[in-house]
Amino acid sequence: MELSAAATRILAGLLEARTGQQLSTGRQWRLDTALVPIMRARGIESVDLLVAALVGGRDARLADAVIEALLNNETSFFRDHGPFQQLMGPVLSRLHSARAGARRLRVWSVGCSTGQEPYSLAMGLAEQADLWRGWTIDIQATDVSRSATARAREGLYTQFEVQRGLPVRQLLRWFDREGEQWRLVQALREKVRFHVHSLTEPMPLPGMFDVILCRNVLLYFPPPMRRAVLDRLGRAIAPDGVLMLGAGETIIDQTERFEPDPAARGFYRLRETPRPIQLAAIPGFA
Amino acid sequence: MKTCLVVDDSKVVRKVARHILERLDFSVREAADGQEALAECQDMPPDVVLLDWNMPVMSGIDFLRALRFANIARRPKIVLCTTENGIGHIRVAIDAGADEYMMKPFDRETLESKLQIVGVA
Ligand SMILES: C[S@@+](CC[C@H](N)C(=O)[O-])C[C@H]1O[C@@H](n2cnc3c(N)ncnc32)[C@H](O)[C@@H]1O
């Protein structure tokens, strides 16, 4: 199917306005394939007609459906085995010591897609039950996609989804068979709270998160947007909290807010503001 | 370079698995049933075995049971690949000694994640 430049521009504009994401040239050629189901469902015969209907604006749900179709929701349980082990090991162990007084841990999974990411963390924490006994653990998860968050809340996954990244023993321990699919047990589902939210909008949740997972989301943003989002995340994170990015991502040179965590690869911490000079340390001021 | 023994009576499945594994930088050997696989393991144990369940001569489960009593220098990790995904089947496989379990057909990401889980990738 031929896609006119004008149609592509309008679709890309809609996506960027709603989500901040740029349609990369690599993804442009998949536009029409992504839109076929929507066109079929509504009996629209070409992308140009679809775009005309969008511009006409008579069908409010059409724009939502198009955005959903253009988002890449790819995810998996324990995506990137190594970094997740780091998170569940040294990273959380440091926070456990640092929060031993308040016994409270707050986590935000940003761009959580269909839930595998926050649920992986919930599962990991549940398996460290002794360590976290008596703690208040708050896991919030947000995504701009309404359908993804709705699916996430259901916690119902196909065989294909559960075998990607999820060890089989954890599958048996934490999921129940439901027909051909697998449902996460309620005890874990209720540990995560899902919200529809776009990073282009102000933070819906009051801050001070100890862990922010923002994995494989920033890469679709143009640099200025990326910087703005990192600023926003910087304001939402506790001074000694950690930001976890996707395995292949880096934000070095893209923000003044964060710097790599020297103790854990792929994790970032707020850049320390320069300390005021300690007068006591200067001879003669003792 | 890590080695993987692909055990499946289907030549096509072996070929597909080999293709993915070679791209993941594995050196690949093949066996068409459990008995051949056992001989391969006794010869020179691989790091990991990708094991089909239903095969003539000796099934994957019988291979797992035989492996326990075989005199092998170093026990390979086992990823069982099957078309069955009932909880009962999965339990049988784990009890027999499988480290991981995967449904066919699988893609590169899934196989890679299983290899990471068993610690060979
Ligand atoms: C490729 S998925 C990554 C999912 C998961 N974090 C992971 O690493 O497996 C990217 C997710 O970011 C979401 N997303 C894209 N733009 C967003 C925005 N402006 N605000 C919130 N979520 C967004 C998409 O809907 C999608 O679910």
# chains A, B, ... in the order shown; residues from 1 in each chain; ligands from 1
>>> select_by_dssp(residues="region 156-248 of chain A", states="strand (DSSP E or B)", output="list in words")
Leu156, Tyr157, Phe175, Asp176, Arg177, Glu178, Gln181, Trp182, Arg183, Leu184, Val192, Arg193, Phe194, His195, Val196, Phe209, Asp210, Val211, Ile212, Leu213, Ile237, Ala238, Pro239, Asp240, Gly241, Val242, Leu243 and Met244 of chain A
>>> closest_atom_pairs(of="chain B", to="chain A", cutoff="7 Å", atoms="only C-alpha atoms", output="Markdown table")
| residue | atom | partner | partner_atom | distance |
| --- | --- | --- | --- | --- |
| B:Glu100 | CA | A:Val168 | CA | 5.9 |
| B:Tyr101 | CA | A:Val168 | CA | 6.1 |
| B:Met102 | CA | A:Gln163 | CA | 6.4 |
| B:Thr110 | CA | A:Arg164 | CA | 4.7 |
| B:Ser113 | CA | A:Gly165 | CA | 5.0 |
| B:Lys114 | CA | A:Gly165 | CA | 6.6 |
| B:Gln116 | CA | A:His81 | CA | 6.5 |
| B:Ile117 | CA | A:Pro167 | CA | 6.6 |
>>> write_last_selection(atoms="C-alpha atoms", output="PDB file, in the first residue's frame")
ATOM      1  CA  GLU B 100      14.184 -24.825  31.606  1.00  0.00           C
ATOM      2  CA  TYR B 101      11.124 -25.427  29.489  1.00  0.00           C
ATOM      3  CA  MET B 102      10.095 -23.862  26.213  1.00  0.00           C
ATOM      4  CA  THR B 110      12.904 -16.521  23.734  1.00  0.00           C
ATOM      5  CA  SER B 113      16.364 -15.540  27.376  1.00  0.00           C
ATOM      6  CA  LYS B 114      16.265 -19.232  28.313  1.00  0.00           C
ATOM      7  CA  GLN B 116      20.570 -16.581  29.956  1.00  0.00           C
ATOM      8  CA  ILE B 117      18.363 -18.066  32.651  1.00  0.00           C
TER       9      ILE B 117
END
>>> residues_near_ligand(ligand="ligand 1", cutoff="7 Å", atoms="only C-alpha atoms and all ligand atoms", output="PyMOL selection string")
chain A and resi 19-21+71-76+79+110-114+117+142-145+148+197-200+214-217+246
>>> write_last_selection(atoms="C-alpha atoms", output="mmCIF file, in the first residue's frame")
data_model
loop_
_atom_site.group_PDB
_atom_site.id
_atom_site.type_symbol
_atom_site.label_atom_id
_atom_site.label_comp_id
_atom_site.auth_asym_id
_atom_site.auth_seq_id
_atom_site.Cartn_x
_atom_site.Cartn_y
_atom_site.Cartn_z
ATOM 1 C CA THR A 19 3.187 10.846 23.146
ATOM 2 C CA GLY A 20 6.247 12.939 22.341
ATOM 3 C CA GLN A 21 7.496 10.101 20.182
ATOM 4 C CA LEU A 71 3.140 2.464 19.680
ATOM 5 C CA ASN A 72 5.707 -0.230 20.081
ATOM 6 C CA ASN A 73 4.650 -2.158 23.189
ATOM 7 C CA GLU A 74 7.293 -4.831 23.013
ATOM 8 C CA THR A 75 8.345 -6.071 26.417
ATOM 9 C CA SER A 76 9.056 -9.219 28.385
ATOM 10 C CA ARG A 79 13.825 -8.170 30.193
ATOM 11 C CA VAL A 110 7.383 4.330 33.399
ATOM 12 C CA GLY A 111 6.214 3.022 30.033
ATOM 13 C CA CYS A 112 5.225 -0.254 31.674
ATOM 14 C CA SER A 113 3.486 -1.587 28.555
ATOM 15 C CA THR A 114 1.499 -4.754 29.323
ATOM 16 C CA GLU A 117 8.239 -5.096 33.885
ATOM 17 C CA THR A 142 2.202 4.103 33.979
ATOM 18 C CA ASP A 143 1.887 3.987 30.216
ATOM 19 C CA VAL A 144 0.352 6.234 27.597
ATOM 20 C CA SER A 145 -1.378 3.239 26.043
ATOM 21 C CA ALA A 148 -1.627 -1.875 27.312
ATOM 22 C CA HIS A 197 -0.318 8.668 31.747
ATOM 23 C CA SER A 198 1.898 10.257 29.150
ATOM 24 C CA LEU A 199 5.361 11.445 30.022
ATOM 25 C CA THR A 200 4.586 14.560 28.030
ATOM 26 C CA CYS A 214 12.282 3.858 32.411
ATOM 27 C CA ARG A 215 13.307 1.167 30.027
ATOM 28 C CA ASN A 216 13.172 1.284 26.249
ATOM 29 C CA VAL A 217 10.962 4.346 26.285
ATOM 30 C CA GLY A 246 17.052 -0.402 29.043
#
>>> atom_distance(atom1="CA of Arg30 (chain A)", atom2="CA of Ala69 (chain A)")
10.6 Å
>>> select_by_dssp(residues="chain B", states="helix (DSSP H, G or I)", output="PyMOL selection string")
chain B and resi 11-23+34-43+60-69+87-96+108-117
>>> atom_distance(atom1="CA of Ser4 (chain A)", atom2="CA of Gln22 (chain A)")
17.8 Å
>>> atom_distance(atom1="CA of Pro118 (chain A)", atom2="CA of Glu178 (chain A)")
21.3 Å
>>> residues_around(residues="Asn71 (chain B)", least_positions_apart="2", cutoff="7 Å", atoms="only C-alpha atoms", output="mmCIF file with all heavy atoms, in the first residue's frame")
data_model
loop_
_atom_site.group_PDB
_atom_site.id
_atom_site.type_symbol
_atom_site.label_atom_id
_atom_site.label_comp_id
_atom_site.auth_asym_id
_atom_site.auth_seq_id
_atom_site.Cartn_x
_atom_site.Cartn_y
_atom_site.Cartn_z
ATOM 1 N N GLN B 42 28.458 -38.231 26.565
ATOM 2 C CA GLN B 42 29.524 -39.006 27.186
ATOM 3 C C GLN B 42 30.847 -38.729 26.496
ATOM 4 O O GLN B 42 31.887 -38.662 27.129
ATOM 5 C CB GLN B 42 29.189 -40.502 27.149
ATOM 6 C CG GLN B 42 28.377 -40.900 28.377
ATOM 7 C CD GLN B 42 27.582 -42.166 28.189
ATOM 8 O OE1 GLN B 42 27.265 -42.570 27.060
ATOM 9 N NE2 GLN B 42 27.226 -42.800 29.288
ATOM 10 N N PHE B 69 22.259 -41.189 35.521
ATOM 11 C CA PHE B 69 23.097 -42.324 35.896
ATOM 12 C C PHE B 69 24.314 -42.450 34.995
ATOM 13 O O PHE B 69 25.156 -43.303 35.204
ATOM 14 C CB PHE B 69 22.264 -43.619 35.850
ATOM 15 C CG PHE B 69 21.096 -43.563 36.781
ATOM 16 C CD1 PHE B 69 19.813 -43.312 36.305
ATOM 17 C CD2 PHE B 69 21.294 -43.722 38.147
ATOM 18 C CE1 PHE B 69 18.738 -43.241 37.177
ATOM 19 C CE2 PHE B 69 20.216 -43.653 39.018
ATOM 20 C CZ PHE B 69 18.937 -43.405 38.538
ATOM 21 N N ALA B 73 31.432 -36.140 32.590
ATOM 22 C CA ALA B 73 32.396 -35.268 33.268
ATOM 23 C C ALA B 73 31.699 -34.049 33.882
ATOM 24 O O ALA B 73 31.938 -33.685 35.020
ATOM 25 C CB ALA B 73 33.474 -34.823 32.278
#
>>> residues_around(residues="region 151-157 of chain A", least_positions_apart="5", cutoff="9 Å", atoms="only C-alpha atoms", output="PyMOL selection string")
chain A and resi 112-116+119+146+162+178+181-186+189-190+192-194
>>> residues_around(residues="Arg94 (chain A)", least_positions_apart="5", cutoff="12 Å", atoms="only C-alpha atoms", output="CSV table (one decimal) with all heavy atoms, in the first residue's frame")
chain,number,residue,atom,x,y,z
A,86,GLN,N,21.0,-7.5,38.8
A,86,GLN,CA,21.7,-6.4,39.5
A,86,GLN,C,20.7,-5.6,40.3
A,86,GLN,O,21.0,-5.3,41.5
A,86,GLN,CB,22.2,-5.3,38.4
A,86,GLN,CG,23.4,-5.7,37.7
A,86,GLN,CD,24.5,-4.8,38.1
A,86,GLN,OE1,24.8,-4.7,39.3
A,86,GLN,NE2,25.3,-4.3,37.2
A,87,LEU,N,19.5,-5.4,39.7
A,87,LEU,CA,18.5,-4.7,40.4
A,87,LEU,C,18.1,-5.4,41.7
A,87,LEU,O,18.0,-4.9,42.8
A,87,LEU,CB,17.3,-4.4,39.5
A,87,LEU,CG,16.0,-3.8,40.2
A,87,LEU,CD1,16.3,-2.4,40.6
A,87,LEU,CD2,14.8,-3.8,39.2
A,88,MET,N,17.8,-6.7,41.5
A,88,MET,CA,17.3,-7.5,42.6
A,88,MET,C,18.4,-7.8,43.6
A,88,MET,O,18.1,-8.1,44.8
A,88,MET,CB,16.7,-8.9,42.1
A,88,MET,CG,15.5,-8.8,41.3
A,88,MET,SD,14.2,-7.5,41.7
A,88,MET,CE,13.8,-8.1,43.4
A,89,GLY,N,19.6,-7.6,43.2
A,89,GLY,CA,20.7,-7.9,44.2
A,89,GLY,C,21.3,-6.6,44.8
A,89,GLY,O,20.6,-6.0,45.6
A,99,ARG,N,16.9,2.6,53.6
A,99,ARG,CA,15.5,2.9,54.1
A,99,ARG,C,15.1,2.0,55.3
A,99,ARG,O,14.0,1.9,55.6
A,99,ARG,CB,14.5,2.5,52.9
A,99,ARG,CG,14.7,3.2,51.7
A,99,ARG,CD,14.3,4.7,51.8
A,99,ARG,NE,14.4,5.4,50.5
A,99,ARG,CZ,15.6,5.9,50.1
A,99,ARG,NH1,16.7,5.9,50.9
A,99,ARG,NH2,15.7,6.5,48.9
A,100,ALA,N,16.1,1.5,56.0
A,100,ALA,CA,15.8,0.6,57.1
A,100,ALA,C,15.0,1.3,58.2
A,100,ALA,O,14.2,0.6,58.9
A,100,ALA,CB,17.1,0.1,57.7
A,105,LEU,N,9.4,1.5,50.5
A,105,LEU,CA,10.1,1.5,49.2
A,105,LEU,C,9.1,1.9,48.1
A,105,LEU,O,8.0,1.3,48.1
A,105,LEU,CB,10.7,0.1,48.9
A,105,LEU,CG,11.6,0.0,47.6
A,105,LEU,CD1,12.9,0.6,47.9
A,105,LEU,CD2,11.7,-1.5,47.2
A,210,ASP,N,12.1,5.7,45.0
A,210,ASP,CA,13.4,5.1,45.3
A,210,ASP,C,14.0,4.5,44.0
A,210,ASP,O,15.2,4.5,43.8
A,210,ASP,CB,13.3,4.1,46.4
A,210,ASP,CG,12.7,4.7,47.6
A,210,ASP,OD1,13.3,5.7,48.1
A,210,ASP,OD2,11.7,4.2,48.1
A,211,VAL,N,13.1,3.9,43.2
A,211,VAL,CA,13.5,3.2,42.0
A,211,VAL,C,12.6,3.7,40.9
A,211,VAL,O,11.4,3.6,41.0
A,211,VAL,CB,13.4,1.7,42.0
A,211,VAL,CG1,13.9,1.1,40.7
A,211,VAL,CG2,14.2,1.2,43.2
A,240,ASP,N,18.8,9.8,46.7
A,240,ASP,CA,19.7,8.6,46.6
A,240,ASP,C,19.0,7.5,45.8
A,240,ASP,O,19.4,6.3,45.9
A,240,ASP,CB,20.2,8.1,47.9
A,240,ASP,CG,19.0,7.7,48.8
A,240,ASP,OD1,17.8,8.0,48.5
A,240,ASP,OD2,19.2,7.0,49.8
A,241,GLY,N,17.9,7.8,45.1
A,241,GLY,CA,17.2,6.8,44.3
A,241,GLY,C,18.0,6.4,43.0
A,241,GLY,O,19.0,7.0,42.7
A,242,VAL,N,17.5,5.3,42.4
A,242,VAL,CA,18.2,4.9,41.1
A,242,VAL,C,17.2,4.9,40.0
A,242,VAL,O,16.0,4.6,40.1
A,242,VAL,CB,18.7,3.5,41.2
A,242,VAL,CG1,20.0,3.4,42.0
A,242,VAL,CG2,17.7,2.5,41.7
A,263,ALA,N,28.2,2.0,41.1
A,263,ALA,CA,28.2,0.7,41.7
A,263,ALA,C,27.4,-0.3,40.8
A,263,ALA,O,27.4,-1.5,41.1
A,263,ALA,CB,27.5,0.8,43.1
A,264,ALA,N,26.7,0.2,39.9
A,264,ALA,CA,25.8,-0.7,39.1
A,264,ALA,C,25.7,-0.2,37.6
A,264,ALA,O,25.2,0.8,37.4
A,264,ALA,CB,24.4,-0.8,39.7
>>> residues_around(residues="Arg108 (chain B)", least_positions_apart="4", cutoff="10 Å", atoms="only C-alpha atoms", output="list in words")
Arg164 of chain A; Val16, Ala17, His19, Ile20, Leu21, Arg23, Leu24, Glu112, Ser113 and Lys114 of chain B
>>> residues_around(residues="Met1 (chain B)", least_positions_apart="5", cutoff="8 Å", atoms="only C-alpha atoms", output="list in words")
Asp25, Phe26 and Ser27 of chain B
>>> closest_residue(among="A:Leu125, A:Leu14, A:Leu62, A:Leu50", to="Ile137 (chain A)", atoms="only C-alpha atoms")
A:Leu125
>>> closest_residue(among="B:Asp43, B:Pro105, B:Asn85, B:Ala70", to="Arg14 (chain B)", atoms="only C-alpha atoms")
B:Pro105
>>> closest_residue(among="A:Ala247, A:Ala238, A:Gly179, A:Val229", to="Arg269 (chain A)", atoms="only C-alpha atoms")
A:Ala238
>>> decode(residues="region 165-199 of chain A", atoms="N, CA, C and O atoms", output="PDB file, in the first residue's frame")
ATOM      1  N   GLY A 165      11.780 -14.788  28.878  1.00  0.00           N
ATOM      2  CA  GLY A 165      12.411 -14.156  30.031  1.00  0.00           C
ATOM      3  C   GLY A 165      12.011 -14.717  31.376  1.00  0.00           C
ATOM      4  O   GLY A 165      12.737 -14.558  32.343  1.00  0.00           O
ATOM      5  N   LEU A 166      10.864 -15.376  31.448  1.00  0.00           N
ATOM      6  CA  LEU A 166      10.398 -15.857  32.748  1.00  0.00           C
ATOM      7  C   LEU A 166      10.869 -17.290  32.989  1.00  0.00           C
ATOM      8  O   LEU A 166      10.516 -18.187  32.233  1.00  0.00           O
ATOM      9  N   PRO A 167      11.645 -17.506  34.053  1.00  0.00           N
ATOM     10  CA  PRO A 167      12.074 -18.877  34.354  1.00  0.00           C
ATOM     11  C   PRO A 167      10.871 -19.763  34.637  1.00  0.00           C
ATOM     12  O   PRO A 167       9.897 -19.327  35.243  1.00  0.00           O
ATOM     13  N   VAL A 168      10.938 -21.002  34.189  1.00  0.00           N
ATOM     14  CA  VAL A 168       9.771 -21.882  34.255  1.00  0.00           C
ATOM     15  C   VAL A 168       9.322 -22.131  35.693  1.00  0.00           C
ATOM     16  O   VAL A 168       8.131 -22.265  35.978  1.00  0.00           O
ATOM     17  N   ARG A 169      10.277 -22.160  36.626  1.00  0.00           N
ATOM     18  CA  ARG A 169       9.870 -22.376  38.026  1.00  0.00           C
ATOM     19  C   ARG A 169       9.054 -21.212  38.542  1.00  0.00           C
ATOM     20  O   ARG A 169       8.133 -21.388  39.341  1.00  0.00           O
ATOM     21  N   GLN A 170       9.391 -20.011  38.098  1.00  0.00           N
ATOM     22  CA  GLN A 170       8.596 -18.851  38.510  1.00  0.00           C
ATOM     23  C   GLN A 170       7.219 -18.861  37.855  1.00  0.00           C
ATOM     24  O   GLN A 170       6.237 -18.429  38.438  1.00  0.00           O
ATOM     25  N   LEU A 171       7.166 -19.384  36.626  1.00  0.00           N
ATOM     26  CA  LEU A 171       5.869 -19.532  35.964  1.00  0.00           C
ATOM     27  C   LEU A 171       4.962 -20.424  36.805  1.00  0.00           C
ATOM     28  O   LEU A 171       3.803 -20.109  37.079  1.00  0.00           O
ATOM     29  N   LEU A 172       5.499 -21.563  37.230  1.00  0.00           N
ATOM     30  CA  LEU A 172       4.693 -22.509  38.006  1.00  0.00           C
ATOM     31  C   LEU A 172       4.304 -21.933  39.363  1.00  0.00           C
ATOM     32  O   LEU A 172       3.220 -22.178  39.873  1.00  0.00           O
ATOM     33  N   ARG A 173       5.204 -21.143  39.920  1.00  0.00           N
ATOM     34  CA  ARG A 173       4.948 -20.626  41.273  1.00  0.00           C
ATOM     35  C   ARG A 173       3.936 -19.481  41.290  1.00  0.00           C
ATOM     36  O   ARG A 173       3.129 -19.377  42.200  1.00  0.00           O
ATOM     37  N   TRP A 174       3.979 -18.622  40.278  1.00  0.00           N
ATOM     38  CA  TRP A 174       3.225 -17.375  40.361  1.00  0.00           C
ATOM     39  C   TRP A 174       2.067 -17.243  39.375  1.00  0.00           C
ATOM     40  O   TRP A 174       1.418 -16.208  39.311  1.00  0.00           O
ATOM     41  N   PHE A 175       1.857 -18.252  38.545  1.00  0.00           N
ATOM     42  CA  PHE A 175       0.787 -18.145  37.546  1.00  0.00           C
ATOM     43  C   PHE A 175      -0.156 -19.330  37.646  1.00  0.00           C
ATOM     44  O   PHE A 175       0.259 -20.436  37.999  1.00  0.00           O
ATOM     45  N   ASP A 176      -1.433 -19.069  37.297  1.00  0.00           N
ATOM     46  CA  ASP A 176      -2.401 -20.141  37.181  1.00  0.00           C
ATOM     47  C   ASP A 176      -2.773 -20.293  35.722  1.00  0.00           C
ATOM     48  O   ASP A 176      -2.866 -19.305  34.998  1.00  0.00           O
ATOM     49  N   ARG A 177      -3.017 -21.524  35.330  1.00  0.00           N
ATOM     50  CA  ARG A 177      -3.413 -21.789  33.976  1.00  0.00           C
ATOM     51  C   ARG A 177      -4.860 -21.332  33.786  1.00  0.00           C
ATOM     52  O   ARG A 177      -5.720 -21.619  34.624  1.00  0.00           O
ATOM     53  N   GLU A 178      -5.119 -20.615  32.682  1.00  0.00           N
ATOM     54  CA  GLU A 178      -6.498 -20.229  32.387  1.00  0.00           C
ATOM     55  C   GLU A 178      -6.710 -20.476  30.904  1.00  0.00           C
ATOM     56  O   GLU A 178      -6.285 -19.687  30.081  1.00  0.00           O
ATOM     57  N   GLY A 179      -7.346 -21.607  30.581  1.00  0.00           N
ATOM     58  CA  GLY A 179      -7.459 -21.996  29.176  1.00  0.00           C
ATOM     59  C   GLY A 179      -6.055 -22.177  28.618  1.00  0.00           C
ATOM     60  O   GLY A 179      -5.229 -22.862  29.202  1.00  0.00           O
ATOM     61  N   GLU A 180      -5.774 -21.524  27.497  1.00  0.00           N
ATOM     62  CA  GLU A 180      -4.451 -21.632  26.894  1.00  0.00           C
ATOM     63  C   GLU A 180      -3.492 -20.586  27.447  1.00  0.00           C
ATOM     64  O   GLU A 180      -2.359 -20.477  27.014  1.00  0.00           O
ATOM     65  N   GLN A 181      -3.999 -19.745  28.380  1.00  0.00           N
ATOM     66  CA  GLN A 181      -3.163 -18.648  28.862  1.00  0.00           C
ATOM     67  C   GLN A 181      -2.769 -18.820  30.324  1.00  0.00           C
ATOM     68  O   GLN A 181      -3.157 -19.790  30.968  1.00  0.00           O
ATOM     69  N   TRP A 182      -2.024 -17.866  30.816  1.00  0.00           N
ATOM     70  CA  TRP A 182      -1.519 -17.930  32.182  1.00  0.00           C
ATOM     71  C   TRP A 182      -1.862 -16.632  32.905  1.00  0.00           C
ATOM     72  O   TRP A 182      -1.565 -15.545  32.400  1.00  0.00           O
ATOM     73  N   ARG A 183      -2.481 -16.752  34.079  1.00  0.00           N
ATOM     74  CA  ARG A 183      -2.819 -15.552  34.840  1.00  0.00           C
ATOM     75  C   ARG A 183      -1.940 -15.426  36.084  1.00  0.00           C
ATOM     76  O   ARG A 183      -1.810 -16.362  36.861  1.00  0.00           O
ATOM     77  N   LEU A 184      -1.363 -14.244  36.247  1.00  0.00           N
ATOM     78  CA  LEU A 184      -0.559 -13.967  37.426  1.00  0.00           C
ATOM     79  C   LEU A 184      -1.452 -14.032  38.666  1.00  0.00           C
ATOM     80  O   LEU A 184      -2.590 -13.550  38.632  1.00  0.00           O
ATOM     81  N   VAL A 185      -0.947 -14.607  39.735  1.00  0.00           N
ATOM     82  CA  VAL A 185      -1.783 -14.751  40.936  1.00  0.00           C
ATOM     83  C   VAL A 185      -2.168 -13.377  41.473  1.00  0.00           C
ATOM     84  O   VAL A 185      -1.438 -12.403  41.321  1.00  0.00           O
ATOM     85  N   GLN A 186      -3.328 -13.343  42.111  1.00  0.00           N
ATOM     86  CA  GLN A 186      -3.864 -12.066  42.563  1.00  0.00           C
ATOM     87  C   GLN A 186      -2.935 -11.375  43.557  1.00  0.00           C
ATOM     88  O   GLN A 186      -2.776 -10.152  43.526  1.00  0.00           O
ATOM     89  N   ALA A 187      -2.308 -12.159  44.409  1.00  0.00           N
ATOM     90  CA  ALA A 187      -1.431 -11.578  45.434  1.00  0.00           C
ATOM     91  C   ALA A 187      -0.362 -10.687  44.784  1.00  0.00           C
ATOM     92  O   ALA A 187       0.061  -9.692  45.370  1.00  0.00           O
ATOM     93  N   LEU A 188       0.070 -11.018  43.585  1.00  0.00           N
ATOM     94  CA  LEU A 188       1.069 -10.183  42.910  1.00  0.00           C
ATOM     95  C   LEU A 188       0.407  -9.090  42.086  1.00  0.00           C
ATOM     96  O   LEU A 188       0.908  -7.970  42.005  1.00  0.00           O
ATOM     97  N   ARG A 189      -0.737  -9.423  41.482  1.00  0.00           N
ATOM     98  CA  ARG A 189      -1.420  -8.408  40.668  1.00  0.00           C
ATOM     99  C   ARG A 189      -1.757  -7.199  41.509  1.00  0.00           C
ATOM    100  O   ARG A 189      -1.616  -6.061  41.068  1.00  0.00           O
ATOM    101  N   GLU A 190      -2.181  -7.445  42.761  1.00  0.00           N
ATOM    102  CA  GLU A 190      -2.620  -6.296  43.549  1.00  0.00           C
ATOM    103  C   GLU A 190      -1.457  -5.495  44.131  1.00  0.00           C
ATOM    104  O   GLU A 190      -1.669  -4.460  44.735  1.00  0.00           O
ATOM    105  N   LYS A 191      -0.246  -5.952  43.896  1.00  0.00           N
ATOM    106  CA  LYS A 191       0.920  -5.196  44.368  1.00  0.00           C
ATOM    107  C   LYS A 191       1.249  -4.017  43.457  1.00  0.00           C
ATOM    108  O   LYS A 191       2.005  -3.124  43.820  1.00  0.00           O
ATOM    109  N   VAL A 192       0.744  -4.056  42.213  1.00  0.00           N
ATOM    110  CA  VAL A 192       1.105  -3.017  41.248  1.00  0.00           C
ATOM    111  C   VAL A 192      -0.119  -2.182  40.904  1.00  0.00           C
ATOM    112  O   VAL A 192      -1.185  -2.737  40.648  1.00  0.00           O
ATOM    113  N   ARG A 193       0.047  -0.859  40.911  1.00  0.00           N
ATOM    114  CA  ARG A 193      -1.078  -0.013  40.506  1.00  0.00           C
ATOM    115  C   ARG A 193      -0.793   0.641  39.163  1.00  0.00           C
ATOM    116  O   ARG A 193       0.238   1.301  38.989  1.00  0.00           O
ATOM    117  N   PHE A 194      -1.689   0.424  38.216  1.00  0.00           N
ATOM    118  CA  PHE A 194      -1.490   0.911  36.851  1.00  0.00           C
ATOM    119  C   PHE A 194      -2.304   2.172  36.578  1.00  0.00           C
ATOM    120  O   PHE A 194      -3.452   2.283  37.015  1.00  0.00           O
ATOM    121  N   HIS A 195      -1.709   3.100  35.838  1.00  0.00           N
ATOM    122  CA  HIS A 195      -2.398   4.325  35.447  1.00  0.00           C
ATOM    123  C   HIS A 195      -2.068   4.642  33.991  1.00  0.00           C
ATOM    124  O   HIS A 195      -0.960   4.370  33.538  1.00  0.00           O
ATOM    125  N   VAL A 196      -3.044   5.260  33.304  1.00  0.00           N
ATOM    126  CA  VAL A 196      -2.755   5.770  31.962  1.00  0.00           C
ATOM    127  C   VAL A 196      -2.166   7.162  32.136  1.00  0.00           C
ATOM    128  O   VAL A 196      -2.754   8.019  32.780  1.00  0.00           O
ATOM    129  N   HIS A 197      -0.971   7.353  31.612  1.00  0.00           N
ATOM    130  CA  HIS A 197      -0.318   8.668  31.747  1.00  0.00           C
ATOM    131  C   HIS A 197       0.758   8.805  30.693  1.00  0.00           C
ATOM    132  O   HIS A 197       1.500   7.870  30.419  1.00  0.00           O
ATOM    133  N   SER A 198       0.829  10.001  30.112  1.00  0.00           N
ATOM    134  CA  SER A 198       1.898  10.257  29.150  1.00  0.00           C
ATOM    135  C   SER A 198       2.985  11.091  29.804  1.00  0.00           C
ATOM    136  O   SER A 198       2.709  12.044  30.526  1.00  0.00           O
ATOM    137  N   LEU A 199       4.202  10.713  29.503  1.00  0.00           N
ATOM    138  CA  LEU A 199       5.361  11.445  30.022  1.00  0.00           C
ATOM    139  C   LEU A 199       5.405  12.885  29.531  1.00  0.00           C
ATOM    140  O   LEU A 199       6.186  13.684  30.027  1.00  0.00           O
TER     141      LEU A 199
END
